[in-house]
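Below is one structure, written out as structure tokens; comments come after it.
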Amino acid sequence: MTDPTAHAAPEVDFASLPLAAELLTNLDSLGYHAMTPIQAASLPAMLAGRDVIARGKTGSGKTAAFGLGLLSRLAVENFRVQSLVLCPTRELADQVAGELRRLARSLPNVKILTLCGGAPLGPQLNSLEHGAHVVVGTPGRVEEHLRKGSLSLADLTTLVLDEADRMLDMGFQEALESIVRETPASRQTLLFSATYADAVRPIAERMMREPLTVEVESTHDDASIRQHFFRVADEPARLAALCELLLHYRPVSSVVFCNTKIETREVAEALSAAGFSAVALHGDLEQRDRDETLVRFANKSVSVLVATDVAARGLDIDALDAVFNHQIARDLEVHVHRIGRTGRAGSRGVACTLVGVREDYRLAKLGDFLGQPLECEPLPTRRGSDATPFAAPMVTLQIDGGKKRKVRPGDILGALTGDGGIAGDAVGKIKVLERSAYIAVERGVADAALEQLKAGTLKGRSFRARRIGR
Ligand code: ADP
Ligand code: MG
């Protein structure tokens with residue numbers, strides 16, 4: 001394979017591709033406004049019918065890349081299996097099938113079927129009798145159906161090997177080869193992986209025809225995150241802009257990054273005064289206060305964490321809906337690291353950066369660093385109903401008893417819900433520490449829950465209880 005390696009392009013609109021109008025409208029409704037780099041690099045060749053080998057990190061948008069490729073080739077009126085996507089595990093196959101269904105929802109009557117091991121054969125046989133356009137499955141089970149004659153790949157036009165390297169690691173090589181033997185030589189073959197192990201190369205050479213190789217080096221996070229930049233004047237306009245963005249995106253959990261400790265305090269105070277559930281996190285906090293802040297953030301009783309980079313280091317938060325940069329980070333790699341904290345685990349995040357008049361040169365430098373021109377957008381316009389600040393959905397209550405007194409989450413839940421207490425589903429995360437415990441409850445029942453805790457007993461004794469924050 002002596003093929004050129006395509007490089008990641010800057011943001012490009014899907015409309016520049018020869019895609020059906022229904023697909024384009026649907027992409028827009030999914031919030032896919034621009035292609036991710038791997039999509040931009042691979043889709044033109046795929047749509048032109050070429051074989052493609054694409055390597056890009058987890059979260060780079062590979063599913064939609066091959067998904068749009070294969071959906072574009074479907075002849076829906078021909079009710080035969082035309083595309084086969086092989087995945088290493090049932091979980092991944094389910095995810096891929098889900099994404100394909102979302103992508104295909106504007107195309108009437110496209111049938112997508114999963115065939116994975118670990119699921120009973122009967123229903124699969126039944127579904128196969130009814131027919132499908134696209135099959136997503138694991139190699140072992142697909143091979144089994146081919147052997148039984150319950151699946152035919154005679155009309156296949158597109159074969160996708162998703163996470164090809166992992167399939168080889170898992171010992172699926174023979175299954176893959178025997179599946180490929182059942183497909184027409186005229187098929188298009190697409191190979192996607194997060195790492196391109198040497199083991200993949202010989203297989204690719206045998207199965208593919210002059211494939212285009214596409215590699216995208218971006219970290220997995222950049223691709224699923226939409227970055228926005230907003231021009232602001234100096235204080236107080238910067239803070240006002242931050243409030244507007246919070247009101248616009250209304251993230252349940254977000255982090256505002258500041259360059260200094262003092263600023264984290266000022267911003268957190270200003271946001272709290274404006275009615276948001278915001279708390280500062282910086283290096284001067286006592287360990288206890290830091291822990292408490294993180295517990296409150298994780299249990300959704302604080303929705304905005306205003307932090308310095310150092311304080312946020314090692315923060316393990318799995319679902320940040322948004323990251324706001326009060327200024328561009330001094331160090332550009334820090335910027336990339338900051339925005340990498342949103343959009344994790346396949347969920348999309350938004351990253352907003354405020355750019356002051358004296359930060360233009362930094363924006364330009366960041367653009368060079370990211371290899372794409374960055375432009376400021378106007379602040380979102382406010383829609384009437386969204387003008388009120390939002391409180392976090394939960395409130396944290398604390399009791400002065402923990403593991404030392406053998407208090408367990410179940411005891412606390414029992415005390416809260418027993419005897420005319422609050423409903424169990426109004427109770428959120430319960431975190432029991434050595435000498436205290438933090439309990440999240442829905443905001444609307446916080447007062448009742450506090451009374452219930454004060455009045456009741458745990459392990460036969462009463463504890464002091466208090467509410468933390470508003
Ligand atoms: P990969 O297979 O490369 O690990 P996925 O295909 O699972 O990544 O995509 C990661 C996330 O990015 C998914 O939540 C998907 O919905 C989203 N996504 C894919 N393409 C786009 C796009 N062009 N714009 C916005 N989000 C996208
Ligand atoms: Mg994937």
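Every chain in the structure tokens takes a letter, A first, then B, and so on in the order presented; its residues are numbered from 1, and the ligands are numbered from 1 following the presented order.
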Got a sec to check which residues lie within 10 Å of ligand 2, using only C-alpha atoms and all ligand atoms, and send them as a VMD selection string?
-> chain A and resid 56 to 66 87 92 to 93 95 to 96 99 162 to 163 192 to 194 346
With C-alpha atoms retained, could you export that selection as a PDB file, in the first residue's frame?
ATOM      1  CA  GLY A  56      -8.609   8.004  14.753  1.00  0.00           C
ATOM      2  CA  LYS A  57      -8.895   7.976  18.490  1.00  0.00           C
ATOM      3  CA  THR A  58     -11.978   6.999  20.426  1.00  0.00           C
ATOM      4  CA  GLY A  59     -14.601   9.684  20.130  1.00  0.00           C
ATOM      5  CA  SER A  60     -13.364  11.038  16.837  1.00  0.00           C
ATOM      6  CA  GLY A  61     -16.632  10.248  15.080  1.00  0.00           C
ATOM      7  CA  LYS A  62     -15.712   7.140  13.143  1.00  0.00           C
ATOM      8  CA  THR A  63     -19.193   5.631  13.333  1.00  0.00           C
ATOM      9  CA  ALA A  64     -20.858   8.520  11.545  1.00  0.00           C
ATOM     10  CA  ALA A  65     -18.020   8.503   9.015  1.00  0.00           C
ATOM     11  CA  PHE A  66     -18.602   4.955   7.831  1.00  0.00           C
ATOM     12  CA  CYS A  87     -17.485  -5.050  15.639  1.00  0.00           C
ATOM     13  CA  LEU A  92     -19.902  -1.850  20.479  1.00  0.00           C
ATOM     14  CA  ALA A  93     -22.233  -3.423  17.958  1.00  0.00           C
ATOM     15  CA  GLN A  95     -23.681   1.353  19.999  1.00  0.00           C
ATOM     16  CA  VAL A  96     -22.942   1.330  16.307  1.00  0.00           C
ATOM     17  CA  GLU A  99     -25.841   5.545  15.844  1.00  0.00           C
ATOM     18  CA  ASP A 162     -14.882  -1.363  13.032  1.00  0.00           C
ATOM     19  CA  GLU A 163     -12.086  -1.532  15.618  1.00  0.00           C
ATOM     20  CA  PHE A 192     -11.687   1.709  11.047  1.00  0.00           C
ATOM     21  CA  SER A 193      -9.539   1.489  14.115  1.00  0.00           C
ATOM     22  CA  ALA A 194      -8.222   3.509  17.018  1.00  0.00           C
ATOM     23  CA  GLY A 346     -19.245   9.620  23.621  1.00  0.00           C
TER      24      GLY A 346
END
Within 12 Å of His335 (chain A), counting only C-alpha atoms, which residues show up once you throw out same-chain ones fewer than 3 positions away? Write them as an MDAnalysis selection string, please.
-> chainID A and resid 222 227 257:259 308:309 323:332 338:341 351:353 362:363 365:367 369:370
Hey, can you check how far CA of Arg55 (chain A) sits from atom 3 (O, counted along the ligand's line) of ligand 1?
-> 8.6 Å
So which residues touch Arg435 (chain A) within 9 Å, counting only C-alpha atoms, skipping near sequence neighbours fewer than 5 positions away, as a ChimeraX atom specification?
-> /A:399-405
Take the residues from that selection and write them out as a PDB file, in the first residue's frame, keeping C-alpha atoms.
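The resulting file, result00.pdb, is shown below:
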ATOM      1  CA  ILE A 399     -24.800  14.560  59.020  1.00  0.00           C
ATOM      2  CA  ASP A 400     -22.038  14.253  61.582  1.00  0.00           C
ATOM      3  CA  GLY A 401     -21.833  10.484  61.547  1.00  0.00           C
ATOM      4  CA  GLY A 402     -19.955   8.223  59.158  1.00  0.00           C
ATOM      5  CA  LYS A 403     -18.110   4.954  58.821  1.00  0.00           C
ATOM      6  CA  LYS A 404     -16.631   5.215  62.338  1.00  0.00           C
ATOM      7  CA  ARG A 405     -20.162   4.910  63.648  1.00  0.00           C
TER       8      ARG A 405
END
Using only C-alpha atoms, pick whichever of A:Val81, A:Leu125, A:Val52, A:Ile422 has the shortest atom-to-atom distance to Met208 (chain A).
->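 Looking at the shortest contact to Met208 (chain A), the residue is A:Val52.
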Pick out each residue of region 212-419 of chain A that DSSP on the backbone tags as alpha helix (DSSP H); I need them as a ChimeraX atom specification.
-> /A:220-224,237-249,261-273,287-298,309-312,332-339,360-370,409-417
